[in-house]
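> Got target-v9.pdb for you, PDB, C-alpha atoms:
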ATOM      1  CA  MET A 808       0.000   0.000   0.000
ATOM      2  CA  SER A 809       2.913   2.381   0.584
ATOM      3  CA  ALA A 810       4.193   5.018  -1.816
ATOM      4  CA  PRO A 811       7.590   4.147  -3.327
ATOM      5  CA  ASP A 812       9.065   7.543  -2.478
ATOM      6  CA  ALA A 813       8.316   7.421   1.254
ATOM      7  CA  THR A 814      11.097   7.539   3.792
ATOM      8  CA  PRO A 815      11.681   4.027   5.168
ATOM      9  CA  ALA A 816       9.916   3.342   8.444
ATOM     10  CA  GLU A 817      12.126   1.988  11.206
ATOM     11  CA  THR A 818      10.368  -0.375  13.606
ATOM     12  CA  PRO A 819      10.642   1.122  17.095
ATOM     13  CA  ALA A 820      11.799  -0.957  20.022
ATOM     14  CA  GLY A 821       9.441  -1.632  22.896
ATOM     15  CA  PRO A 822       5.950  -3.034  23.327
ATOM     16  CA  VAL A 823       3.533  -3.057  20.383
ATOM     17  CA  PRO A 824       0.834  -0.419  20.960
ATOM     18  CA  ALA A 825      -2.856  -1.295  20.905
ATOM     19  CA  VAL A 826      -3.725   1.495  18.451
ATOM     20  CA  SER A 827      -1.854   3.153  15.604
ATOM     21  CA  VAL A 828      -3.144   6.598  14.628
ATOM     22  CA  ILE A 829      -2.330   7.740  11.092
ATOM     23  CA  VAL A 830      -2.050  11.494  10.407
ATOM     24  CA  PRO A 831      -1.338  12.680   6.837
ATOM     25  CA  ALA A 832      -0.274  16.310   6.476
ATOM     26  CA  HIS A 833       0.441  18.662   3.589
ATOM     27  CA  ASP A 834       1.138  22.371   4.196
ATOM     28  CA  ARG A 835      -0.533  22.376   7.615
ATOM     29  CA  GLU A 836       2.057  24.003   9.876
ATOM     30  CA  ASP A 837      -0.643  26.163  11.506
ATOM     31  CA  SER A 838      -2.960  23.317  12.523
ATOM     32  CA  VAL A 839      -1.049  20.032  12.681
ATOM     33  CA  ARG A 840       0.355  20.587  16.186
ATOM     34  CA  SER A 841      -3.069  20.928  17.819
ATOM     35  CA  ALA A 842      -4.444  18.027  15.754
ATOM     36  CA  ILE A 843      -1.714  15.635  16.900
ATOM     37  CA  ALA A 844      -1.703  16.981  20.455
ATOM     38  CA  SER A 845      -5.388  16.042  20.741
ATOM     39  CA  VAL A 846      -4.371  12.449  19.944
ATOM     40  CA  LEU A 847      -1.368  12.314  22.278
ATOM     41  CA  ASP A 848      -3.540  13.762  25.072
ATOM     42  CA  GLN A 849      -6.114  10.953  24.866
ATOM     43  CA  SER A 850      -7.170   9.261  28.092
ATOM     44  CA  PHE A 851      -6.327   5.977  26.337
ATOM     45  CA  THR A 852      -2.528   6.109  26.177
ATOM     46  CA  ASP A 853      -1.496   2.768  24.635
ATOM     47  CA  LEU A 854      -1.002   4.240  21.185
ATOM     48  CA  GLU A 855       1.458   5.350  18.573
ATOM     49  CA  VAL A 856       1.019   8.229  16.153
ATOM     50  CA  ILE A 857       2.452   8.024  12.640
ATOM     51  CA  ALA A 858       2.537  11.392  10.883
ATOM     52  CA  ILE A 859       3.245  11.452   7.157
ATOM     53  CA  ASP A 860       4.457  14.743   5.720
ATOM     54  CA  ASP A 861       3.288  14.599   2.109
ATOM     55  CA  ALA A 862       6.081  16.809   0.690
ATOM     56  CA  SER A 863       4.924  19.995   2.419
ATOM     57  CA  ARG A 864       6.314  23.294   1.183
ATOM     58  CA  ASP A 865       5.885  25.129   4.486
ATOM     59  CA  GLY A 866       7.111  24.366   8.002
ATOM     60  CA  THR A 867       4.921  21.297   8.570
ATOM     61  CA  LEU A 868       7.864  18.873   8.687
ATOM     62  CA  GLY A 869       9.695  20.983  11.261
ATOM     63  CA  VAL A 870       6.611  21.113  13.503
ATOM     64  CA  LEU A 871       6.241  17.335  13.295
ATOM     65  CA  GLN A 872       9.906  16.661  14.032
ATOM     66  CA  ALA A 873       9.822  18.982  17.051
ATOM     67  CA  MET A 874       6.765  17.178  18.413
ATOM     68  CA  ALA A 875       8.449  13.792  17.884
ATOM     69  CA  ARG A 876      11.364  14.940  20.044
ATOM     70  CA  GLU A 877       8.875  15.803  22.784
ATOM     71  CA  ASP A 878       6.903  12.523  22.692
ATOM     72  CA  ALA A 879       8.430   9.197  21.628
ATOM     73  CA  ARG A 880       4.987   7.851  20.661
ATOM     74  CA  LEU A 881       5.088  10.047  17.542
ATOM     75  CA  ARG A 882       6.940   8.879  14.440
ATOM     76  CA  VAL A 883       7.397  11.085  11.379
ATOM     77  CA  LEU A 884       7.634   9.806   7.808
ATOM     78  CA  ARG A 885       7.948  11.905   4.685
ATOM     79  CA  HIS A 886       7.116  11.610   0.988
ATOM     80  CA  ASP A 887       9.750  13.096  -1.306
ATOM     81  CA  ARG A 888       6.982  14.289  -3.631
ATOM     82  CA  ASN A 889       3.331  15.025  -3.058
ATOM     83  CA  ARG A 890       1.353  11.804  -3.490
ATOM     84  CA  GLY A 891      -2.020  12.791  -2.048
ATOM     85  CA  VAL A 892      -3.822  11.969   1.160
ATOM     86  CA  SER A 893      -4.702   8.355   0.277
ATOM     87  CA  ALA A 894      -1.118   7.397  -0.522
ATOM     88  CA  ALA A 895       0.018   9.127   2.683
ATOM     89  CA  ARG A 896      -2.489   7.178   4.756
ATOM     90  CA  ASN A 897      -1.417   3.926   3.087
ATOM     91  CA  THR A 898       2.216   4.712   3.942
ATOM     92  CA  GLY A 899       1.141   5.120   7.557
ATOM     93  CA  ILE A 900      -0.838   1.879   7.526
ATOM     94  CA  ASP A 901       2.212  -0.009   6.243
ATOM     95  CA  ALA A 902       4.308   1.392   9.093
ATOM     96  CA  ALA A 903       1.664   0.831  11.789
ATOM     97  CA  ARG A 904       2.123  -1.798  14.496
ATOM     98  CA  GLY A 905      -1.201  -1.633  16.348
ATOM     99  CA  ARG A 906      -3.972  -4.228  16.107
ATOM    100  CA  LEU A 907      -6.360  -1.296  15.676
ATOM    101  CA  ILE A 908      -5.915   1.572  13.211
ATOM    102  CA  ALA A 909      -7.375   5.052  13.641
ATOM    103  CA  PHE A 910      -7.088   8.176  11.505
ATOM    104  CA  GLN A 911      -6.765  11.838  12.334
ATOM    105  CA  ASP A 912      -6.814  14.752   9.895
ATOM    106  CA  SER A 913      -4.152  17.415  10.234
ATOM    107  CA  ASP A 914      -6.644  20.221  10.912
ATOM    108  CA  ASP A 915      -9.158  18.497  13.233
ATOM    109  CA  LEU A 916      -9.400  17.795  16.962
ATOM    110  CA  TRP A 917     -10.273  14.709  18.998
ATOM    111  CA  LEU A 918     -12.113  14.906  22.310
ATOM    112  CA  PRO A 919     -10.044  13.380  25.154
ATOM    113  CA  ASP A 920     -12.102  10.163  25.558
ATOM    114  CA  LYS A 921     -12.533   9.369  21.853
ATOM    115  CA  LEU A 922     -10.297   6.316  21.709
ATOM    116  CA  ALA A 923     -11.327   4.967  25.114
ATOM    117  CA  ARG A 924     -15.021   5.030  24.262
ATOM    118  CA  GLN A 925     -14.599   3.636  20.752
ATOM    119  CA  ILE A 926     -12.284   0.823  21.807
ATOM    120  CA  ALA A 927     -14.711  -0.196  24.556
ATOM    121  CA  ALA A 928     -17.538  -0.313  22.004
ATOM    122  CA  LEU A 929     -15.452  -2.404  19.604
ATOM    123  CA  GLU A 930     -14.409  -4.848  22.321
ATOM    124  CA  ALA A 931     -18.081  -5.288  23.227
ATOM    125  CA  ALA A 932     -18.866  -6.254  19.606
ATOM    126  CA  PRO A 933     -16.311  -8.857  18.484
ATOM    127  CA  GLU A 934     -18.211  -9.386  15.207
ATOM    128  CA  ALA A 935     -17.757  -5.717  14.200
ATOM    129  CA  VAL A 936     -14.995  -4.721  11.793
ATOM    130  CA  ALA A 937     -14.872  -1.068  12.888
ATOM    131  CA  VAL A 938     -16.377   1.522  15.200
ATOM    132  CA  TRP A 939     -17.259   5.111  14.396
ATOM    133  CA  CYS A 940     -18.589   8.132  16.240
ATOM    134  CA  ALA A 941     -20.488  11.343  15.632
ATOM    135  CA  MET A 942     -18.648  14.555  14.814
ATOM    136  CA  GLU A 943     -18.963  18.290  15.407
ATOM    137  CA  ILE A 944     -18.404  20.431  12.320
ATOM    138  CA  GLU A 945     -17.120  23.930  12.944
ATOM    139  CA  ASN A 946     -18.832  26.449  10.669
ATOM    140  CA  ILE A 947     -15.976  28.860   9.981
ATOM    141  CA  GLU A 948     -17.970  31.075   7.603
ATOM    142  CA  ALA A 949     -20.786  31.591  10.112
ATOM    143  CA  LEU A 950     -18.223  32.500  12.756
ATOM    144  CA  GLY A 951     -16.454  35.041  10.584
ATOM    145  CA  GLY A 952     -13.316  32.920  10.721
ATOM    146  CA  ALA A 953     -12.961  32.878  14.530
ATOM    147  CA  ASP A 954     -14.515  31.042  17.475
ATOM    148  CA  PRO A 955     -12.931  32.154  20.767
ATOM    149  CA  ALA A 956     -15.260  30.041  22.924
ATOM    150  CA  GLY A 957     -14.940  26.952  20.764
ATOM    151  CA  THR A 958     -18.653  26.153  20.868
ATOM    152  CA  ALA A 959     -20.560  28.455  18.490
ATOM    153  CA  GLY A 960     -21.591  27.540  14.978
ATOM    154  CA  MET A 961     -21.380  23.775  15.511
ATOM    155  CA  THR A 962     -23.287  21.192  13.513
ATOM    156  CA  ILE A 963     -23.470  17.583  14.716
ATOM    157  CA  VAL A 964     -23.276  14.828  12.097
ATOM    158  CA  PRO A 965     -24.930  12.512  11.582
ATOM    159  CA  LYS A 966     -28.269  13.811  12.781
ATOM    160  CA  PRO A 967     -30.060  11.351  15.115
ATOM    161  CA  GLY A 968     -32.510  10.372  12.370
ATOM    162  CA  ASP A 969     -29.649   9.569   9.997
ATOM    163  CA  ILE A 970     -27.903   7.040  12.250
ATOM    164  CA  PRO A 971     -28.258   3.633  10.574
ATOM    165  CA  ARG A 972     -29.903   0.818  12.466
ATOM    166  CA  GLN A 973     -27.911  -2.294  13.280
ATOM    167  CA  GLY A 974     -27.705  -4.474  10.184
ATOM    168  CA  GLU A 975     -28.664  -1.633   7.818
ATOM    169  CA  GLU A 976     -25.293   0.118   7.713
ATOM    170  CA  LEU A 977     -24.527  -0.707   4.087
ATOM    171  CA  ARG A 978     -27.840   0.626   2.737
ATOM    172  CA  ALA A 979     -27.500   3.803   4.819
ATOM    173  CA  LEU A 980     -23.938   4.298   3.589
ATOM    174  CA  LEU A 981     -25.008   3.869  -0.015
ATOM    175  CA  ALA A 982     -27.493   6.696   0.507
ATOM    176  CA  GLN A 983     -24.979   9.141   1.950
ATOM    177  CA  ASN A 984     -21.442   9.431   3.228
ATOM    178  CA  SER A 985     -21.919   9.485   7.013
ATOM    179  CA  ILE A 986     -18.466   8.389   8.158
ATOM    180  CA  SER A 987     -15.231  10.270   7.559
ATOM    181  CA  THR A 988     -11.856   8.783   8.402
ATOM    182  CA  GLN A 989     -11.221  10.710  11.621
ATOM    183  CA  MET A 990     -14.422   9.168  13.053
ATOM    184  CA  LEU A 991     -13.166   5.595  12.490
ATOM    185  CA  VAL A 992     -11.275   2.976  14.450
ATOM    186  CA  VAL A 993     -10.751  -0.149  12.326
ATOM    187  CA  ARG A 994      -9.512  -3.645  13.053
ATOM    188  CA  ARG A 995      -6.204  -4.049  11.275
ATOM    189  CA  GLU A 996      -7.150  -7.307   9.545
ATOM    190  CA  ALA A 997     -10.280  -5.709   8.068
ATOM    191  CA  LEU A 998      -8.305  -2.749   6.746
ATOM    192  CA  GLU A 999      -5.766  -5.064   5.151
ATOM    193  CA  ALA A1000      -8.550  -7.208   3.662
ATOM    194  CA  VAL A1001     -10.020  -4.246   1.749
ATOM    195  CA  GLY A1002      -6.618  -2.982   0.626
ATOM    196  CA  GLY A1003      -6.481   0.413   2.343
ATOM    197  CA  PHE A1004      -7.277   3.652   0.540
ATOM    198  CA  ASP A1005      -7.588   4.105  -3.215
ATOM    199  CA  PRO A1006      -5.174   6.868  -4.383
ATOM    200  CA  ARG A1007      -6.981   7.133  -7.730
ATOM    201  CA  LEU A1008     -10.057   8.765  -6.201
ATOM    202  CA  PRO A1009      -9.735  12.583  -6.052
ATOM    203  CA  ALA A1010     -12.204  12.904  -3.148
ATOM    204  CA  LEU A1011     -14.656  10.908  -0.993
ATOM    205  CA  VAL A1012     -11.971   8.309  -0.269
ATOM    206  CA  ASP A1013     -13.469   7.854   3.206
ATOM    207  CA  TRP A1014     -16.823   6.893   1.662
ATOM    208  CA  ASP A1015     -15.154   4.382  -0.648
ATOM    209  CA  LEU A1016     -13.288   2.823   2.280
ATOM    210  CA  VAL A1017     -16.297   2.454   4.601
ATOM    211  CA  LEU A1018     -18.415   0.959   1.801
ATOM    212  CA  ARG A1019     -15.762  -1.726   1.388
ATOM    213  CA  LEU A1020     -15.510  -2.238   5.149
ATOM    214  CA  ALA A1021     -19.298  -2.514   5.472
ATOM    215  CA  GLY A1022     -19.156  -5.375   2.999
ATOM    216  CA  LEU A1023     -17.059  -7.348   5.510
ATOM    217  CA  GLY A1024     -19.234  -6.986   8.584
ATOM    218  CA  PRO A1025     -21.003  -4.659  11.026
ATOM    219  CA  LEU A1026     -19.832  -1.158  11.900
ATOM    220  CA  VAL A1027     -20.785  -0.192  15.449
ATOM    221  CA  MET A1028     -21.237   3.389  16.588
ATOM    222  CA  VAL A1029     -20.637   5.581  19.607
ATOM    223  CA  GLU A1030     -23.329   8.216  19.097
ATOM    224  CA  ALA A1031     -21.522  10.976  20.999
ATOM    225  CA  PRO A1032     -19.607  13.585  18.944
ATOM    226  CA  LEU A1033     -15.968  12.784  19.729
ATOM    227  CA  VAL A1034     -14.313  14.645  16.827
ATOM    228  CA  ARG A1035     -14.342  18.329  15.936
ATOM    229  CA  GLN A1036     -13.835  18.983  12.225
ATOM    230  CA  ARG A1037     -12.240  22.289  11.296
ATOM    231  CA  PHE A1038     -12.052  23.373   7.681
ATOM    232  CA  SER A1039      -8.810  24.732   6.266
ATOM    233  CA  ALA A1040      -8.388  26.696   3.051
ATOM    234  CA  ASN A1041      -6.969  23.674   1.226
ATOM    235  CA  SER A1042      -9.476  21.110   2.532
ATOM    236  CA  LEU A1043     -10.459  18.619  -0.177
ATOM    237  CA  THR A1044     -14.008  18.748   1.171
ATOM    238  CA  ARG A1045     -14.403  22.229  -0.341
ATOM    239  CA  SER A1046     -13.630  21.315  -3.956
ATOM    240  CA  LEU A1047     -16.882  20.887  -5.912
ATOM    241  CA  GLU A1048     -15.143  19.429  -8.972
ATOM    242  CA  LYS A1049     -13.176  16.894  -6.919
ATOM    243  CA  ARG A1050     -16.260  15.826  -4.995
ATOM    244  CA  LEU A1051     -18.150  15.400  -8.261
ATOM    245  CA  ALA A1052     -15.385  13.214  -9.705
ATOM    246  CA  GLY A1053     -15.259  11.292  -6.430
ATOM    247  CA  LEU A1054     -19.006  10.601  -6.481
ATOM    248  CA  GLN A1055     -18.818   9.403 -10.070
ATOM    249  CA  GLY A1056     -15.950   7.108  -9.097
ATOM    250  CA  ILE A1057     -17.921   5.742  -6.123
ATOM    251  CA  LEU A1058     -20.881   4.841  -8.367
ATOM    252  CA  GLU A1059     -18.554   3.036 -10.785
ATOM    253  CA  ARG A1060     -16.576   1.107  -8.142
ATOM    254  CA  HIS A1061     -19.619  -0.008  -6.146
ATOM    255  CA  GLY A1062     -21.956  -0.468  -9.080
ATOM    256  CA  ALA A1063     -23.391  -3.802  -7.955
ATOM    257  CA  ALA A1064     -24.270  -2.520  -4.493
ATOM    258  CA  PHE A1065     -25.939   0.613  -5.901
ATOM    259  CA  ALA A1066     -27.811  -1.425  -8.530
ATOM    260  CA  ALA A1067     -29.503  -3.299  -5.687
ATOM    261  CA  GLU A1068     -30.853   0.046  -4.394
ATOM    262  CA  PRO A1069     -32.296   1.713  -7.543
ATOM    263  CA  GLU A1070     -33.916   4.684  -5.775
ATOM    264  CA  ILE A1071     -30.644   5.560  -4.053
ATOM    265  CA  LEU A1072     -28.777   5.172  -7.345
ATOM    266  CA  ALA A1073     -31.279   7.420  -9.130
ATOM    267  CA  ARG A1074     -30.890  10.139  -6.478
ATOM    268  CA  HIS A1075     -27.112  10.120  -6.880
ATOM    269  CA  HIS A1076     -27.351  10.431 -10.659
ATOM    270  CA  GLN A1077     -29.815  13.301 -10.223
ATOM    271  CA  LYS A1078     -27.407  14.991  -7.794
ATOM    272  CA  ILE A1079     -24.565  14.652 -10.299
ATOM    273  CA  ALA A1080     -26.820  16.091 -13.013
ATOM    274  CA  GLY A1081     -27.582  19.117 -10.847
ATOM    275  CA  THR A1082     -23.892  19.719 -10.125
ATOM    276  CA  LEU A1083     -22.959  19.417 -13.797
ATOM    277  CA  ARG A1084     -25.703  21.890 -14.676
ATOM    278  CA  ARG A1085     -24.258  24.359 -12.167
ATOM    279  CA  LEU A1086     -20.838  23.864 -13.751
ATOM    280  CA  GLY A1087     -22.278  24.556 -17.214
ATOM    281  CA  ASP A1088     -22.016  20.987 -18.524
ATOM    282  CA  LEU A1089     -25.606  20.555 -19.739
ATOM    283  CA  ARG A1090     -24.725  17.599 -21.951
ATOM    284  CA  GLY A1091     -23.258  15.701 -19.001
ATOM    285  CA  ALA A1092     -26.210  16.715 -16.828
ATOM    286  CA  ARG A1093     -28.588  15.258 -19.393
ATOM    287  CA  ARG A1094     -26.685  11.951 -19.475
ATOM    288  CA  HIS A1095     -26.976  11.544 -15.722
ATOM    289  CA  MET A1096     -30.671  12.415 -15.700
ATOM    290  CA  VAL A1097     -31.171   9.660 -18.264
ATOM    291  CA  ALA A1098     -29.200   7.304 -15.973
ATOM    292  CA  ALA A1099     -31.445   8.332 -13.066
ATOM    293  CA  ILE A1100     -34.564   7.500 -15.090
ATOM    294  CA  ARG A1101     -33.131   4.152 -16.164
ATOM    295  CA  ALA A1102     -32.468   3.294 -12.511
ATOM    296  CA  ARG A1103     -35.955   4.336 -11.414
ATOM    297  CA  PRO A1104     -38.240   4.860 -14.452
ATOM    298  CA  LEU A1105     -41.505   5.578 -12.598
ATOM    299  CA  SER A1106     -40.667   9.136 -11.558
ATOM    300  CA  PRO A1107     -42.537  11.908 -13.416
ATOM    301  CA  ARG A1108     -40.403  14.626 -11.831
ATOM    302  CA  ARG A1109     -37.216  13.057 -13.211
ATOM    303  CA  TRP A1110     -38.771  12.748 -16.675
ATOM    304  CA  LEU A1111     -39.667  16.449 -16.609
ATOM    305  CA  LYS A1112     -36.167  17.366 -15.426
ATOM    306  CA  ALA A1113     -34.603  15.293 -18.209
ATOM    307  CA  LEU A1114     -36.905  16.897 -20.776
ATOM    308  CA  TRP A1115     -35.940  20.372 -19.576
ATOM    309  CA  LEU A1116     -32.216  19.521 -19.835
ATOM    310  CA  THR A1117     -32.716  17.974 -23.274
ATOM    311  CA  LEU A1118     -34.357  21.141 -24.587
ATOM    312  CA  ARG A1119     -31.522  23.289 -23.194
ATOM    313  CA  ALA A1120     -28.494  21.117 -23.988
ATOM    314  CA  PRO A1121     -27.100  20.628 -27.507
ATOM    315  CA  PHE A1122     -26.674  17.110 -28.859
TER     316      PHE A1122
END
Can you give me the file's structure in the form of structure tokens?


Amino acid sequence: MSAPDATPAETPAGPVPAVSVIVPAHDREDSVRSAIASVLDQSFTDLEVIAIDDASRDGTLGVLQAMAREDARLRVLRHDRNRGVSAARNTGIDAARGRLIAFQDSDDLWLPDKLARQIAALEAAPEAVAVWCAMEIENIEALGGADPAGTAGMTIVPKPGDIPRQGEELRALLAQNSISTQMLVVRREALEAVGGFDPRLPALVDWDLVLRLAGLGPLVMVEAPLVRQRFSANSLTRSLEKRLAGLQGILERHGAAFAAEPEILARHHQKIAGTLRRLGDLRGARRHMVAAIRARPLSPRRWLKALWLTLRAPF
């Protein structure tokens, strides 16, 4: 899974930790210290942190190396050229020693009991392949770029009504991407079975991963928000074009699973059509509306939408 241009990972001496936490970073010198500190300050201490500097151009590497000198549980690896977040995470997975693997983003925060609560939930469900939790999303725009108290402008995801019932995780995940990587703790053998992250996807790599994990077995949940997501200027989540390409890739890679849920598949094609229309690609929008109708033909509203796009878009 590792990138060929990664610095070799030396195996540390000492006991094998229970959990390995993977933290990819690219040009995040302003946020990576607090992100990693929130992991090292967990109430559950039997862990290692593997930070991968993905060829940063700022002072990210220096921040990471300074932190590693302060806490021996942190190891720092580096890519000689920028390979992307999926390749960086795969490099970390290859270097990890823990029986459980967790992920942290370089601009987010963990609450102090995140690992303790998730590991307890996973140990109570030996049939589960992973455990996830809810997350607070910090609305930077609504806060004018600042939040001194650390509590305003928060949105909790998923909403209580969107939490999948036991045994229905796969269908719920096909409908929407509810689980991002920093919410996950995964059994190592399950992660290895699905092959880690796919570097070819430009976005939504977390969705792709959890769909593959859900195909192996149950995903249990701690419903409390144990992660705080903070958006940075270069967050992949903010790129409309990348998210569109990611969604198209998800539909292609998991075609059989989506085909078994035609209404969900139709809604995704309709969503892609709407995004393409906003981007000015009326021809592409029309193609996806036709795909939506093929998936679920008995929908007058979709027929009208397709007709409208057909009249507007050139052949």

> Suppose a student applies the PyMOL selection byres ((chain A and resi 1019) around 12) to this structure; what residues should they get, written as a count of residues only?

33

> So what does the PyMOL selection byres ((chain A and resi 918) around 9) actually pick up in this one, as an MDAnalysis selection string?

chainID A and resid 845:846 849 916:917 919:922 1032:1035

> For the residues selected in the previous step, produce a file with C-alpha atoms as a compact mmCIF listing (two decimals), in the frame of the given file.


# COMPACT_ATOMS: atom_id res chain seq x y z
CA SER A 845 -5.39 16.04 20.74
CA VAL A 846 -4.37 12.45 19.94
CA GLN A 849 -6.11 10.95 24.87
CA LEU A 916 -9.40 17.80 16.96
CA TRP A 917 -10.27 14.71 19.00
CA PRO A 919 -10.04 13.38 25.15
CA ASP A 920 -12.10 10.16 25.56
CA LYS A 921 -12.53 9.37 21.85
CA LEU A 922 -10.30 6.32 21.71
CA PRO A 1032 -19.61 13.58 18.94
CA LEU A 1033 -15.97 12.78 19.73
CA VAL A 1034 -14.31 14.64 16.83
CA ARG A 1035 -14.34 18.33 15.94

> Can you work out which one of A:Gly866, A:Val964, A:Asp914, A:Ala1052 has the shortest atom-to-atom distance to A:Arg1037, counting all atoms listed in the file?

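Counting all atoms listed in the file, the residue closest to A:Arg1037 is A:Asp914.
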
> Using Å and a single decimal, report how far atom CA of A:Val830 sits from atom CA of A:Val892.

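Straight-line distance from atom CA of A:Val892 to atom CA of A:Val830 works out to 9.4 Å.
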
> Just so the selection is clear, what residues does the PyMOL selection byres ((chain A and resi 1028-1030) around 12) cover here, as a VMD selection string?

chain A and resid 920 to 929 931 to 932 935 to 943 963 to 973 976 985 to 986 990 to 993 1025 to 1027 1031 to 1034

> So how far away is atom CA of A:Gly869 from atom CA of A:Arg840, in Å?

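The value is 10.6 Å.
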
> If you take every atom of stretch 923-935 of chain A that the file lists and fit an axis-aligned box around them with 3 Å extra on each side, what centre and edge lengths come out in Å to one decimal, as AutoDock Vina command-line options?


--center_x -15.1 --center_y -2.2 --center_z 19.7 --size_x 13.5 --size_y 20.4 --size_z 16.9

> Fewer than 2 positions away in the same chain doesn't count, so skip those; otherwise give me all residues within 10 Å of A:Leu868, counting all atoms listed in the file, as a list of chain:residue names.

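Here the qualifying residues turn out to be A:Ala832, A:His833, A:Asp834, A:Arg835, A:Glu836, A:Val839, A:Ala858, A:Ile859, A:Asp860, A:Asp861, A:Ala862, A:Ser863, A:Arg864, A:Asp865, A:Gly866, A:Val870, A:Leu871, A:Gln872, A:Ala873, A:Met874, A:Val883, A:Leu884, A:Arg885.
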
> Find the residues around A:Ile829 up to 6 Å (all atoms listed in the file counted), leave out those fewer than 3 positions away in its own chain, and share them as a list in words.

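That gives Ile857, Gly899 and Phe910 of chain A.
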
> Rank nothing, just name the residue among A:Ala1092, A:Ala1099, A:Pro822, A:Asn897 nearest to A:His1076, using all atoms listed in the file.

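Among A:Ala1092, A:Ala1099, A:Pro822, A:Asn897, it is A:Ala1099 that comes nearest to A:His1076.
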
> Of the candidates A:Arg1074, A:Arg1050, A:Arg994, A:Arg978, which one gets nearest to A:Arg904 if we count only C-alpha atoms?

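Checking each candidate against A:Arg904, we get A:Arg994 as the closest.
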
> Could you jot down the atom CA of A:Phe1065 to atom CA of A:Gly891 separation for me, Å, one decimal place?

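Result for atom CA of A:Phe1065 versus atom CA of A:Gly891: 27.1 Å, one decimal.
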
> Of the candidates A:Ala879, A:Val856, A:Leu1011, A:Met1096, which shows the shortest atom-to-atom distance to A:Arg1084, using all atoms listed in the file?

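Among the listed residues, the smallest separation from A:Arg1084 belongs to A:Met1096.
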
> Out of A:Leu847, A:Glu934, A:Ile908, A:Gln1036, which residue has the shortest atom-to-atom distance to A:Gly974 when counting all atoms listed in the file?

A:Glu934
